[in-house]
file upload18.cif (mmCIF, C-alpha atoms and all ligand atoms)
data_target
loop_
_atom_site.label_atom_id
_atom_site.label_comp_id
_atom_site.auth_asym_id
_atom_site.auth_seq_id
_atom_site.Cartn_x
_atom_site.Cartn_y
_atom_site.Cartn_z
CA MET A 1 169.49 124.02 41.22
CA ASP A 2 172.71 123.90 43.21
CA THR A 3 175.93 125.39 41.89
CA LEU A 4 177.59 122.09 41.08
CA ASP A 5 174.59 120.86 39.09
CA LEU A 6 174.53 124.16 37.27
CA ILE A 7 178.21 123.82 36.37
CA LYS A 8 177.62 120.32 35.02
CA ARG A 9 174.71 121.54 32.95
CA ASN A 10 176.71 124.49 31.60
CA ALA A 11 179.65 122.24 30.78
CA GLU A 12 177.52 119.72 28.91
CA LYS A 13 175.86 122.50 26.94
CA LEU A 14 179.19 124.10 26.02
CA LEU A 15 180.79 120.80 25.08
CA LYS A 16 177.87 120.09 22.77
CA GLN A 17 178.05 123.54 21.22
CA ILE A 18 181.75 123.76 20.60
CA PRO A 19 183.07 121.99 17.48
CA GLU A 20 184.98 118.80 18.07
CA ASN A 21 188.35 120.20 16.99
CA VAL A 22 188.11 123.01 19.54
CA THR A 23 189.34 122.46 23.10
CA LEU A 24 187.27 123.97 25.88
CA LEU A 25 189.56 125.26 28.62
CA ALA A 26 187.85 125.96 31.93
CA ALA A 27 189.29 129.15 33.45
CA ALA A 28 189.43 128.12 37.10
CA LYS A 29 190.56 131.32 38.82
CA THR A 30 188.75 131.92 42.15
CA ARG A 31 186.84 128.62 41.87
CA SER A 32 186.84 125.85 44.47
CA ASN A 33 188.11 122.31 44.03
CA GLU A 34 184.49 121.11 44.07
CA GLU A 35 183.54 123.45 41.23
CA VAL A 36 186.50 122.31 39.15
CA GLN A 37 185.65 118.70 39.93
CA ALA A 38 182.09 119.25 38.67
CA ALA A 39 183.45 120.55 35.35
CA PHE A 40 185.73 117.53 35.09
CA ASP A 41 182.86 115.15 35.86
CA ALA A 42 180.89 116.72 33.01
CA GLY A 43 183.72 115.95 30.58
CA ILE A 44 186.06 118.94 30.59
CA ARG A 45 189.69 117.84 30.44
CA CYS A 46 191.53 121.14 30.06
CA PHE A 47 191.81 123.81 32.75
CA GLY A 48 193.60 127.10 33.23
CA HIS A 49 194.88 129.10 36.14
CA ASN A 50 196.10 132.71 36.18
CA TYR A 51 198.28 132.53 39.25
CA VAL A 52 200.95 130.02 40.17
CA GLN A 53 199.94 130.32 43.84
CA GLU A 54 196.34 129.41 43.10
CA ALA A 55 197.42 126.37 41.09
CA GLN A 56 199.80 125.36 43.87
CA ALA A 57 196.95 125.46 46.35
CA MET A 58 194.53 123.51 44.18
CA LEU A 59 196.27 120.95 42.00
CA PRO A 60 197.78 118.64 44.64
CA GLY A 61 194.33 118.17 46.20
CA LEU A 62 192.53 117.15 43.03
CA PRO A 63 191.88 113.43 42.59
CA PHE A 64 191.98 113.57 38.78
CA ARG A 65 194.51 114.28 36.03
CA ALA A 66 193.76 116.93 33.43
CA ASP A 67 195.74 119.30 31.22
CA TRP A 68 196.57 122.47 33.11
CA HIS A 69 197.45 125.64 31.22
CA MET A 70 199.00 128.76 32.69
CA ILE A 71 196.90 131.60 31.24
CA GLY A 72 197.93 134.55 33.42
CA HIS A 73 201.05 136.68 33.32
CA LEU A 74 204.03 134.61 34.44
CA GLN A 75 206.73 136.21 36.59
CA ARG A 76 210.26 134.95 36.27
CA ASN A 77 210.54 134.18 39.97
CA LYS A 78 207.57 131.79 39.57
CA ALA A 79 209.02 129.98 36.56
CA GLY A 80 210.28 126.98 38.55
CA ALA A 81 206.93 126.32 40.22
CA ALA A 82 205.08 126.93 36.96
CA VAL A 83 206.98 124.31 35.00
CA GLU A 84 206.34 121.79 37.77
CA LEU A 85 202.59 122.44 37.87
CA PHE A 86 201.52 123.16 34.31
CA ASP A 87 201.34 121.16 31.09
CA VAL A 88 201.21 124.17 28.77
CA LEU A 89 202.31 127.78 29.30
CA GLU A 90 200.15 130.14 27.23
CA THR A 91 201.70 133.45 28.20
CA LEU A 92 205.30 133.50 27.09
CA ASP A 93 206.11 137.10 26.28
CA SER A 94 209.85 137.65 26.57
CA ALA A 95 213.19 136.03 25.83
CA ARG A 96 214.23 136.66 29.45
CA LEU A 97 211.31 134.62 30.72
CA ALA A 98 212.08 131.93 28.14
CA ARG A 99 215.66 131.73 29.35
CA GLU A 100 214.52 131.15 32.94
CA LEU A 101 211.90 128.59 31.86
CA GLU A 102 214.54 126.74 29.85
CA LYS A 103 216.72 126.52 32.93
CA GLN A 104 213.87 125.20 35.07
CA CYS A 105 212.70 122.69 32.43
CA ALA A 106 216.24 121.41 31.98
CA ARG A 107 216.42 120.85 35.74
CA LEU A 108 213.24 118.72 35.55
CA ASN A 109 214.17 117.18 32.22
CA LYS A 110 210.79 118.29 30.91
CA ILE A 111 209.85 119.50 27.44
CA MET A 112 207.31 122.29 27.91
CA PRO A 113 204.84 123.37 25.22
CA VAL A 114 204.65 127.17 25.20
CA LEU A 115 202.41 129.64 23.41
CA ILE A 116 203.51 133.16 22.62
CA GLU A 117 201.02 135.68 23.95
CA ILE A 118 200.34 138.36 21.36
CA ASN A 119 199.27 141.88 22.31
CA SER A 120 197.02 142.01 19.26
CA GLY A 121 195.35 145.25 20.31
CA ARG A 122 198.69 147.02 20.76
CA GLU A 123 197.55 148.10 24.22
CA GLU A 124 200.03 149.98 26.38
CA ASN A 125 199.48 148.16 29.64
CA LYS A 126 198.81 144.72 28.22
CA ASP A 127 201.10 141.72 28.44
CA GLY A 128 202.19 139.92 25.33
CA VAL A 129 204.43 140.81 22.41
CA LEU A 130 203.44 143.06 19.54
CA PRO A 131 202.64 141.21 16.31
CA GLU A 132 205.84 142.48 14.65
CA ASP A 133 207.94 141.14 17.54
CA VAL A 134 206.64 137.57 17.39
CA ASP A 135 209.29 136.40 14.91
CA ALA A 136 212.15 137.58 17.10
CA LEU A 137 210.81 135.76 20.15
CA ALA A 138 210.09 132.61 18.13
CA GLU A 139 213.64 132.78 16.81
CA ALA A 140 215.03 133.17 20.33
CA LEU A 141 213.11 130.06 21.41
CA ARG A 142 215.13 127.96 18.99
CA GLU A 143 218.02 128.26 21.42
CA PHE A 144 216.03 126.56 24.16
CA PRO A 145 215.67 122.81 23.58
CA HIS A 146 213.25 122.27 26.48
CA LEU A 147 210.69 124.82 25.23
CA LYS A 148 208.49 123.79 22.32
CA LEU A 149 206.68 126.59 20.54
CA SER A 150 203.18 125.14 20.16
CA GLY A 151 200.99 128.09 19.22
CA PHE A 152 199.71 131.54 20.05
CA MET A 153 197.35 133.14 22.53
CA THR A 154 195.67 136.51 22.61
CA MET A 155 193.25 138.35 24.85
CA GLY A 156 192.56 141.40 22.71
CA PRO A 157 191.05 144.58 24.12
CA LEU A 158 188.16 143.88 26.47
CA THR A 159 185.00 145.23 24.91
CA GLY A 160 181.43 144.23 25.54
CA ASP A 161 180.89 143.46 21.87
CA PRO A 162 182.54 140.33 20.44
CA GLU A 163 182.28 141.74 16.91
CA LEU A 164 184.82 144.37 17.93
CA SER A 165 187.27 141.59 18.86
CA ARG A 166 187.37 140.10 15.37
CA PRO A 167 190.22 142.23 13.98
CA TYR A 168 192.44 141.18 16.92
CA PHE A 169 191.49 137.54 16.50
CA GLN A 170 192.27 137.85 12.76
CA THR A 171 195.69 139.36 13.41
CA THR A 172 196.55 136.48 15.74
CA ALA A 173 195.07 133.83 13.42
CA ARG A 174 197.18 135.09 10.51
CA ILE A 175 200.35 134.63 12.54
CA TYR A 176 199.22 131.18 13.70
CA GLU A 177 198.55 130.08 10.10
CA GLN A 178 201.97 131.27 8.92
CA TYR A 179 203.72 129.28 11.63
CA ARG A 180 201.52 126.21 11.34
CA LEU A 181 202.42 125.85 7.67
CA LYS A 182 206.10 125.49 8.44
CA ASP A 183 206.01 123.71 11.81
CA ASP A 184 203.95 120.64 12.78
CA ALA A 185 204.38 121.39 16.49
CA ILE A 186 202.18 124.50 16.14
CA ARG A 187 198.73 123.32 17.19
CA PHE A 188 197.09 125.81 19.56
CA LEU A 189 195.35 129.04 18.66
CA SER A 190 194.00 130.19 22.03
CA MET A 191 191.51 133.06 21.84
CA GLY A 192 188.01 133.88 22.99
CA MET A 193 186.37 133.97 26.42
CA SER A 194 182.79 133.68 27.65
CA HIS A 195 181.43 136.62 25.71
CA SER A 196 183.54 136.17 22.58
CA TYR A 197 184.24 132.47 22.08
CA LYS A 198 181.83 132.08 19.15
CA ALA A 199 183.46 134.89 17.17
CA ALA A 200 186.88 133.50 18.11
CA ILE A 201 186.01 130.04 16.79
CA GLU A 202 184.71 131.60 13.58
CA GLU A 203 188.07 133.33 13.25
CA GLY A 204 189.97 130.07 13.70
CA ALA A 205 190.47 129.53 17.45
CA ASN A 206 190.91 125.89 18.44
CA LEU A 207 191.24 126.60 22.17
CA VAL A 208 188.72 128.81 23.97
CA ARG A 209 189.12 129.89 27.59
CA ILE A 210 185.82 130.05 29.43
CA GLY A 211 185.12 130.96 33.05
CA THR A 212 181.86 132.82 33.65
CA LEU A 213 179.66 130.89 31.23
CA LEU A 214 180.73 127.66 32.86
CA PHE A 215 181.06 128.46 36.55
CA GLY A 216 178.83 131.54 36.83
CA PRO A 217 179.82 135.09 37.75
CA ARG A 218 182.96 135.57 39.83
CA ASN A 219 182.49 137.20 43.20
C1 LIG B 301 189.44 134.71 33.40
C2 LIG B 301 190.05 134.49 32.06
C3 LIG B 301 189.31 133.93 31.01
C4 LIG B 301 187.85 133.59 31.13
O1 LIG B 301 187.07 134.73 31.29
P1 LIG B 301 185.47 134.66 31.33
O2 LIG B 301 185.06 135.98 30.79
O3 LIG B 301 185.09 134.47 32.74
O4 LIG B 301 185.05 133.54 30.46
C5 LIG B 301 189.97 133.70 29.82
N1 LIG B 301 191.27 134.00 29.65
C6 LIG B 301 192.01 134.54 30.63
C7 LIG B 301 193.43 134.85 30.37
C8 LIG B 301 191.42 134.81 31.85
O5 LIG B 301 192.15 135.36 32.82
#
call {"tool": "encode", "arguments": {"input": "upload18.cif", "output": "structure tokens", "more": "lines below"}}
Ligand SMILES: *Cc1c(COP(=O)(O)O)cnc(C)c1O
result
Amino acid sequence: MDTLDLIKRNAEKLLKQIPENVTLLAAAKTRSNEEVQAAFDAGIRCFGHNYVQEAQAMLPGLPFRADWHMIGHLQRNKAGAAVELFDVLETLDSARLARELEKQCARLNKIMPVLIEINSGREENKDGVLPEDVDALAEALREFPHLKLSGFMTMGPLTGDPELSRPYFQTTARIYEQYRLKDDAIRFLSMGMSHSYKAAIEEGANLVRIGTLLFGPRN
């Protein structure tokens, strides 16, 4: 079977498997326009990129509209391009970045949904804010009228075993639930990847980010 047929088959299978209230985001890093198109043709409407440059190279050439999420670490000097390209930013992790994004969104007159990335595993070299620092960043966001806090994202430590990810998913889900109760705009809990999306959904994820299971192994 050729790659594009395989992607369509994988996409259809995943869309059938995943509950209706859960959004399947296709993690498009390193993939070609044709591969992304195949996922779209099979019904996927939400995509993610890790790098602003990669999105810049791909998005203008695509003949369809979909929701594009920034899922990689965002540098402040890429904030302007990011707010032009993306519909949702999943990796907000500092007030300094928020300040720059606010400036860029104001320039475009665009209200940008943002998720706070949580370093749920408290890993030294990981992006994201520690669970106890979420409130301070959320509070800082209230100063920025063009940024709309819309949920939370976590990676968690990369382990081969999805069961080991559950505590990190639970930490993030608890924060999401607290915020959702007091704010209707909170709607995304983004966690789980190819090997862990089932556990993530069981722990409350309503947005799962899948690359390998959909497109095949990355080279
Ligand atoms: C690549 C990536 C994914 C998807 O990973 P797979 O294991 O290929 O499913 C999810 N989230 C982020 C942030 C990624 O960079």
call {"tool": "closest_atom_pairs", "arguments": {"input": "upload18.cif", "of": "chain A", "to": "ligand LIG 301 (chain B)", "cutoff": "9 Å", "atoms": "all atoms listed in the file", "output": "CSV"}}
result
residue,atom,partner,partner_atom,distance
A:Leu25,CA,B:LIG301,C5,8.5
A:Ala26,CA,B:LIG301,C4,7.7
A:Ala27,CA,B:LIG301,C4,5.2
A:Ala28,CA,B:LIG301,C1,7.6
A:Lys29,CA,B:LIG301,C1,6.5
A:Gly48,CA,B:LIG301,C6,8.0
A:His49,CA,B:LIG301,O5,7.6
A:Asn50,CA,B:LIG301,O5,5.8
A:Met70,CA,B:LIG301,C7,8.6
A:Ile71,CA,B:LIG301,C7,4.8
A:Gly72,CA,B:LIG301,C7,5.4
A:His73,CA,B:LIG301,C7,8.4
A:Glu90,CA,B:LIG301,C7,8.8
A:Thr91,CA,B:LIG301,C7,8.7
A:Met153,CA,B:LIG301,C7,8.9
A:Thr154,CA,B:LIG301,C7,8.2
A:Met155,CA,B:LIG301,C7,6.5
A:Ser190,CA,B:LIG301,N1,8.9
A:Met191,CA,B:LIG301,N1,7.9
A:Gly192,CA,B:LIG301,C5,7.1
A:Met193,CA,B:LIG301,O4,4.3
A:Ser194,CA,B:LIG301,O4,3.6
A:His195,CA,B:LIG301,O2,6.3
A:Ser196,CA,B:LIG301,O2,8.4
A:Tyr197,CA,B:LIG301,O4,8.5
A:Val208,CA,B:LIG301,C5,7.7
A:Arg209,CA,B:LIG301,C5,4.5
A:Ile210,CA,B:LIG301,O4,3.7
A:Gly211,CA,B:LIG301,O3,3.5
A:Thr212,CA,B:LIG301,O3,3.7
A:Leu213,CA,B:LIG301,O4,6.1
A:Leu214,CA,B:LIG301,O4,7.7
A:Phe215,CA,B:LIG301,O3,8.2
A:Gly216,CA,B:LIG301,O3,8.0
A:Pro217,CA,B:LIG301,O3,7.3
A:Arg218,CA,B:LIG301,O3,7.5
call {"tool": "residues_around", "arguments": {"input": "upload18.cif", "residues": "segment 52-59 of chain A", "least_positions_apart": "3", "cutoff": "9 Å", "atoms": "all atoms listed in the file", "output": "ChimeraX atom specification"}}
result
/A:29-30,32-33,48-49,62-63,68,70,72,74,78-79,81-82,85-86
call {"tool": "closest_residue", "arguments": {"input": "upload18.cif", "among": "A:Glu20, A:Glu143, A:Glu163, A:Asp183", "to": "Lys103 of chain A", "atoms": "all atoms listed in the file"}}
result
A:Glu143
call {"tool": "atom_distance", "arguments": {"input": "upload18.cif", "atom1": "atom CA of Ala205 of chain A", "atom2": "atom CA of Pro167 of chain A"}}
result
13.2 Å
call {"tool": "residues_around", "arguments": {"input": "upload18.cif", "residues": "Glu177 of chain A", "least_positions_apart": "4", "cutoff": "10 Å", "atoms": "only C-alpha atoms", "output": "MDAnalysis selection string"}}
result
chainID A and resid 151 172:173 181:183 186:187 189 204
call {"tool": "closest_residue", "arguments": {"input": "upload18.cif", "among": "A:Gln104, A:Thr171, A:Ser94, A:Gln37", "to": "Ala138 of chain A", "atoms": "all atoms listed in the file"}}
result
A:Ser94
call {"tool": "atom_distance", "arguments": {"input": "upload18.cif", "atom1": "atom CA of Leu108 of chain A", "atom2": "atom CA of Gly80 of chain A"}}
result
9.3 Å
call {"tool": "closest_residue", "arguments": {"input": "upload18.cif", "among": "A:Leu92, A:Ile111, A:Leu137, A:Leu14", "to": "Lys198 of chain A", "atoms": "all atoms listed in the file"}}
result
A:Leu14
call {"tool": "atom_distance", "arguments": {"input": "upload18.cif", "atom1": "atom CA of Glu102 of chain A", "atom2": "atom CA of Glu139 of chain A"}}
result
14.4 Å
call {"tool": "residues_near_point", "arguments": {"input": "upload18.cif", "point": "(216.3, 121.6, 21.1)", "cutoff": "12 Å", "atoms": "all atoms listed in the file", "output": "PyMOL selection string"}}
result
chain A and resi 102+105-106+110-112+140-149
call {"tool": "closest_residue", "arguments": {"input": "upload18.cif", "among": "A:Leu115, A:Ile18, A:Leu101, A:Leu164", "to": "Tyr179 of chain A", "atoms": "all atoms listed in the file"}}
result
A:Leu115
call {"tool": "residues_around", "arguments": {"input": "upload18.cif", "residues": "Lys126 of chain A", "least_positions_apart": "5", "cutoff": "10 Å", "atoms": "all atoms listed in the file", "output": "tab-separated table (two decimals) with C-alpha atoms, in the coordinates of the input"}}
result
chain	number	residue	atom	x	y	z
A	73	HIS	CA	201.05	136.68	33.32
A	118	ILE	CA	200.34	138.36	21.36
A	119	ASN	CA	199.27	141.88	22.31
A	120	SER	CA	197.02	142.01	19.26
A	121	GLY	CA	195.35	145.25	20.31
A	155	MET	CA	193.25	138.35	24.85
A	156	GLY	CA	192.56	141.40	22.71
A	157	PRO	CA	191.05	144.58	24.12
call {"tool": "closest_residue", "arguments": {"input": "upload18.cif", "among": "A:Val83, A:Val134, A:Met1, A:Ala95", "to": "Asn109 of chain A", "atoms": "all atoms listed in the file"}}
result
A:Val83
call {"tool": "closest_residue", "arguments": {"input": "upload18.cif", "among": "A:Glu123, A:Pro19, A:Asp5, A:Asn219", "to": "Leu158 of chain A", "atoms": "only C-alpha atoms"}}
result
A:Glu123
call {"tool": "residues_around", "arguments": {"input": "upload18.cif", "residues": "Ala42 of chain A", "least_positions_apart": "3", "cutoff": "7 Å", "atoms": "all atoms listed in the file", "output": "list in words"}}
result
Lys8, Ala11, Glu12, Ala38 and Ala39 of chain A
call {"tool": "axis_aligned_box", "arguments": {"input": "upload18.cif", "around": "segment 202-208 of chain A", "padding_each_side": "4 Å", "output": "AutoDock Vina command-line options"}}
result
--center_x 188.0 --center_y 129.6 --center_z 18.6 --size_x 14.5 --size_y 15.4 --size_z 18.7
call {"tool": "decode", "arguments": {"input": "upload18.cif", "residues": "segment 100-130 of chain A", "atoms": "N, CA and C atoms", "output": "PDB file, in the first residue's frame"}}
result
ATOM      1  N   GLU A 100       5.008  39.676  24.495  1.00  0.00           N
ATOM      2  CA  GLU A 100       5.351  39.824  23.076  1.00  0.00           C
ATOM      3  C   GLU A 100       4.189  39.368  22.182  1.00  0.00           C
ATOM      4  N   LEU A 101       3.551  38.264  22.556  1.00  0.00           N
ATOM      5  CA  LEU A 101       2.404  37.782  21.772  1.00  0.00           C
ATOM      6  C   LEU A 101       1.271  38.802  21.792  1.00  0.00           C
ATOM      7  N   GLU A 102       1.044  39.406  22.953  1.00  0.00           N
ATOM      8  CA  GLU A 102      -0.001  40.429  23.060  1.00  0.00           C
ATOM      9  C   GLU A 102       0.267  41.570  22.081  1.00  0.00           C
ATOM     10  N   LYS A 103       1.523  41.982  22.037  1.00  0.00           N
ATOM     11  CA  LYS A 103       1.896  43.078  21.137  1.00  0.00           C
ATOM     12  C   LYS A 103       1.607  42.703  19.681  1.00  0.00           C
ATOM     13  N   GLN A 104       1.991  41.490  19.321  1.00  0.00           N
ATOM     14  CA  GLN A 104       1.828  41.043  17.934  1.00  0.00           C
ATOM     15  C   GLN A 104       0.345  40.840  17.587  1.00  0.00           C
ATOM     16  N   CYS A 105      -0.426  40.309  18.536  1.00  0.00           N
ATOM     17  CA  CYS A 105      -1.861  40.103  18.279  1.00  0.00           C
ATOM     18  C   CYS A 105      -2.588  41.441  18.169  1.00  0.00           C
ATOM     19  N   ALA A 106      -2.166  42.402  18.984  1.00  0.00           N
ATOM     20  CA  ALA A 106      -2.786  43.729  18.920  1.00  0.00           C
ATOM     21  C   ALA A 106      -2.542  44.342  17.545  1.00  0.00           C
ATOM     22  N   ARG A 107      -1.337  44.153  17.040  1.00  0.00           N
ATOM     23  CA  ARG A 107      -0.972  44.665  15.714  1.00  0.00           C
ATOM     24  C   ARG A 107      -1.907  44.076  14.644  1.00  0.00           C
ATOM     25  N   LEU A 108      -2.249  42.795  14.780  1.00  0.00           N
ATOM     26  CA  LEU A 108      -3.104  42.132  13.788  1.00  0.00           C
ATOM     27  C   LEU A 108      -4.578  42.235  14.139  1.00  0.00           C
ATOM     28  N   ASN A 109      -4.845  42.778  15.324  1.00  0.00           N
ATOM     29  CA  ASN A 109      -6.219  42.843  15.808  1.00  0.00           C
ATOM     30  C   ASN A 109      -6.834  41.443  15.886  1.00  0.00           C
ATOM     31  N   LYS A 110      -6.065  40.529  16.454  1.00  0.00           N
ATOM     32  CA  LYS A 110      -6.472  39.125  16.503  1.00  0.00           C
ATOM     33  C   LYS A 110      -6.528  38.644  17.955  1.00  0.00           C
ATOM     34  N   ILE A 111      -7.600  37.954  18.307  1.00  0.00           N
ATOM     35  CA  ILE A 111      -7.682  37.349  19.630  1.00  0.00           C
ATOM     36  C   ILE A 111      -7.156  35.922  19.506  1.00  0.00           C
ATOM     37  N   MET A 112      -6.120  35.602  20.252  1.00  0.00           N
ATOM     38  CA  MET A 112      -5.443  34.314  20.094  1.00  0.00           C
ATOM     39  C   MET A 112      -5.717  33.392  21.278  1.00  0.00           C
ATOM     40  N   PRO A 113      -6.311  32.228  21.025  1.00  0.00           N
ATOM     41  CA  PRO A 113      -6.437  31.243  22.108  1.00  0.00           C
ATOM     42  C   PRO A 113      -5.054  30.682  22.459  1.00  0.00           C
ATOM     43  N   VAL A 114      -4.744  30.652  23.740  1.00  0.00           N
ATOM     44  CA  VAL A 114      -3.453  30.111  24.178  1.00  0.00           C
ATOM     45  C   VAL A 114      -3.669  29.059  25.269  1.00  0.00           C
ATOM     46  N   LEU A 115      -2.812  28.046  25.235  1.00  0.00           N
ATOM     47  CA  LEU A 115      -2.786  27.062  26.312  1.00  0.00           C
ATOM     48  C   LEU A 115      -1.496  27.262  27.092  1.00  0.00           C
ATOM     49  N   ILE A 116      -1.573  27.092  28.378  1.00  0.00           N
ATOM     50  CA  ILE A 116      -0.352  27.103  29.192  1.00  0.00           C
ATOM     51  C   ILE A 116       0.230  25.700  29.172  1.00  0.00           C
ATOM     52  N   GLU A 117       1.515  25.616  28.798  1.00  0.00           N
ATOM     53  CA  GLU A 117       2.193  24.321  28.841  1.00  0.00           C
ATOM     54  C   GLU A 117       2.699  24.076  30.254  1.00  0.00           C
ATOM     55  N   ILE A 118       2.343  22.921  30.789  1.00  0.00           N
ATOM     56  CA  ILE A 118       2.708  22.579  32.165  1.00  0.00           C
ATOM     57  C   ILE A 118       3.815  21.526  32.160  1.00  0.00           C
ATOM     58  N   ASN A 119       4.872  21.799  32.882  1.00  0.00           N
ATOM     59  CA  ASN A 119       5.962  20.839  33.073  1.00  0.00           C
ATOM     60  C   ASN A 119       5.547  19.908  34.210  1.00  0.00           C
ATOM     61  N   SER A 120       4.658  18.975  33.863  1.00  0.00           N
ATOM     62  CA  SER A 120       4.009  18.160  34.896  1.00  0.00           C
ATOM     63  C   SER A 120       4.977  17.180  35.549  1.00  0.00           C
ATOM     64  N   GLY A 121       6.065  16.857  34.851  1.00  0.00           N
ATOM     65  CA  GLY A 121       7.039  15.934  35.406  1.00  0.00           C
ATOM     66  C   GLY A 121       8.152  16.629  36.166  1.00  0.00           C
ATOM     67  N   ARG A 122       8.052  17.973  36.265  1.00  0.00           N
ATOM     68  CA  ARG A 122       9.064  18.758  36.970  1.00  0.00           C
ATOM     69  C   ARG A 122      10.457  18.440  36.453  1.00  0.00           C
ATOM     70  N   GLU A 123      10.582  18.333  35.122  1.00  0.00           N
ATOM     71  CA  GLU A 123      11.868  17.978  34.531  1.00  0.00           C
ATOM     72  C   GLU A 123      12.710  19.234  34.320  1.00  0.00           C
ATOM     73  N   GLU A 124      13.982  19.097  34.627  1.00  0.00           N
ATOM     74  CA  GLU A 124      14.917  20.234  34.574  1.00  0.00           C
ATOM     75  C   GLU A 124      14.973  20.911  33.215  1.00  0.00           C
ATOM     76  N   ASN A 125      15.112  20.108  32.173  1.00  0.00           N
ATOM     77  CA  ASN A 125      15.360  20.701  30.855  1.00  0.00           C
ATOM     78  C   ASN A 125      14.117  20.738  29.986  1.00  0.00           C
ATOM     79  N   LYS A 126      12.949  20.690  30.632  1.00  0.00           N
ATOM     80  CA  LYS A 126      11.710  20.682  29.878  1.00  0.00           C
ATOM     81  C   LYS A 126      11.100  22.077  29.860  1.00  0.00           C
ATOM     82  N   ASP A 127      10.435  22.401  28.749  1.00  0.00           N
ATOM     83  CA  ASP A 127       9.685  23.650  28.687  1.00  0.00           C
ATOM     84  C   ASP A 127       8.419  23.512  29.517  1.00  0.00           C
ATOM     85  N   GLY A 128       7.750  24.648  29.677  1.00  0.00           N
ATOM     86  CA  GLY A 128       6.510  24.618  30.433  1.00  0.00           C
ATOM     87  C   GLY A 128       6.720  25.166  31.829  1.00  0.00           C
ATOM     88  N   VAL A 129       5.613  25.512  32.493  1.00  0.00           N
ATOM     89  CA  VAL A 129       5.704  26.049  33.847  1.00  0.00           C
ATOM     90  C   VAL A 129       5.383  24.947  34.849  1.00  0.00           C
ATOM     91  N   LEU A 130       5.969  25.043  36.012  1.00  0.00           N
ATOM     92  CA  LEU A 130       5.672  24.070  37.059  1.00  0.00           C
ATOM     93  C   LEU A 130       4.222  24.240  37.499  1.00  0.00           C
TER      94      LEU A 130
END
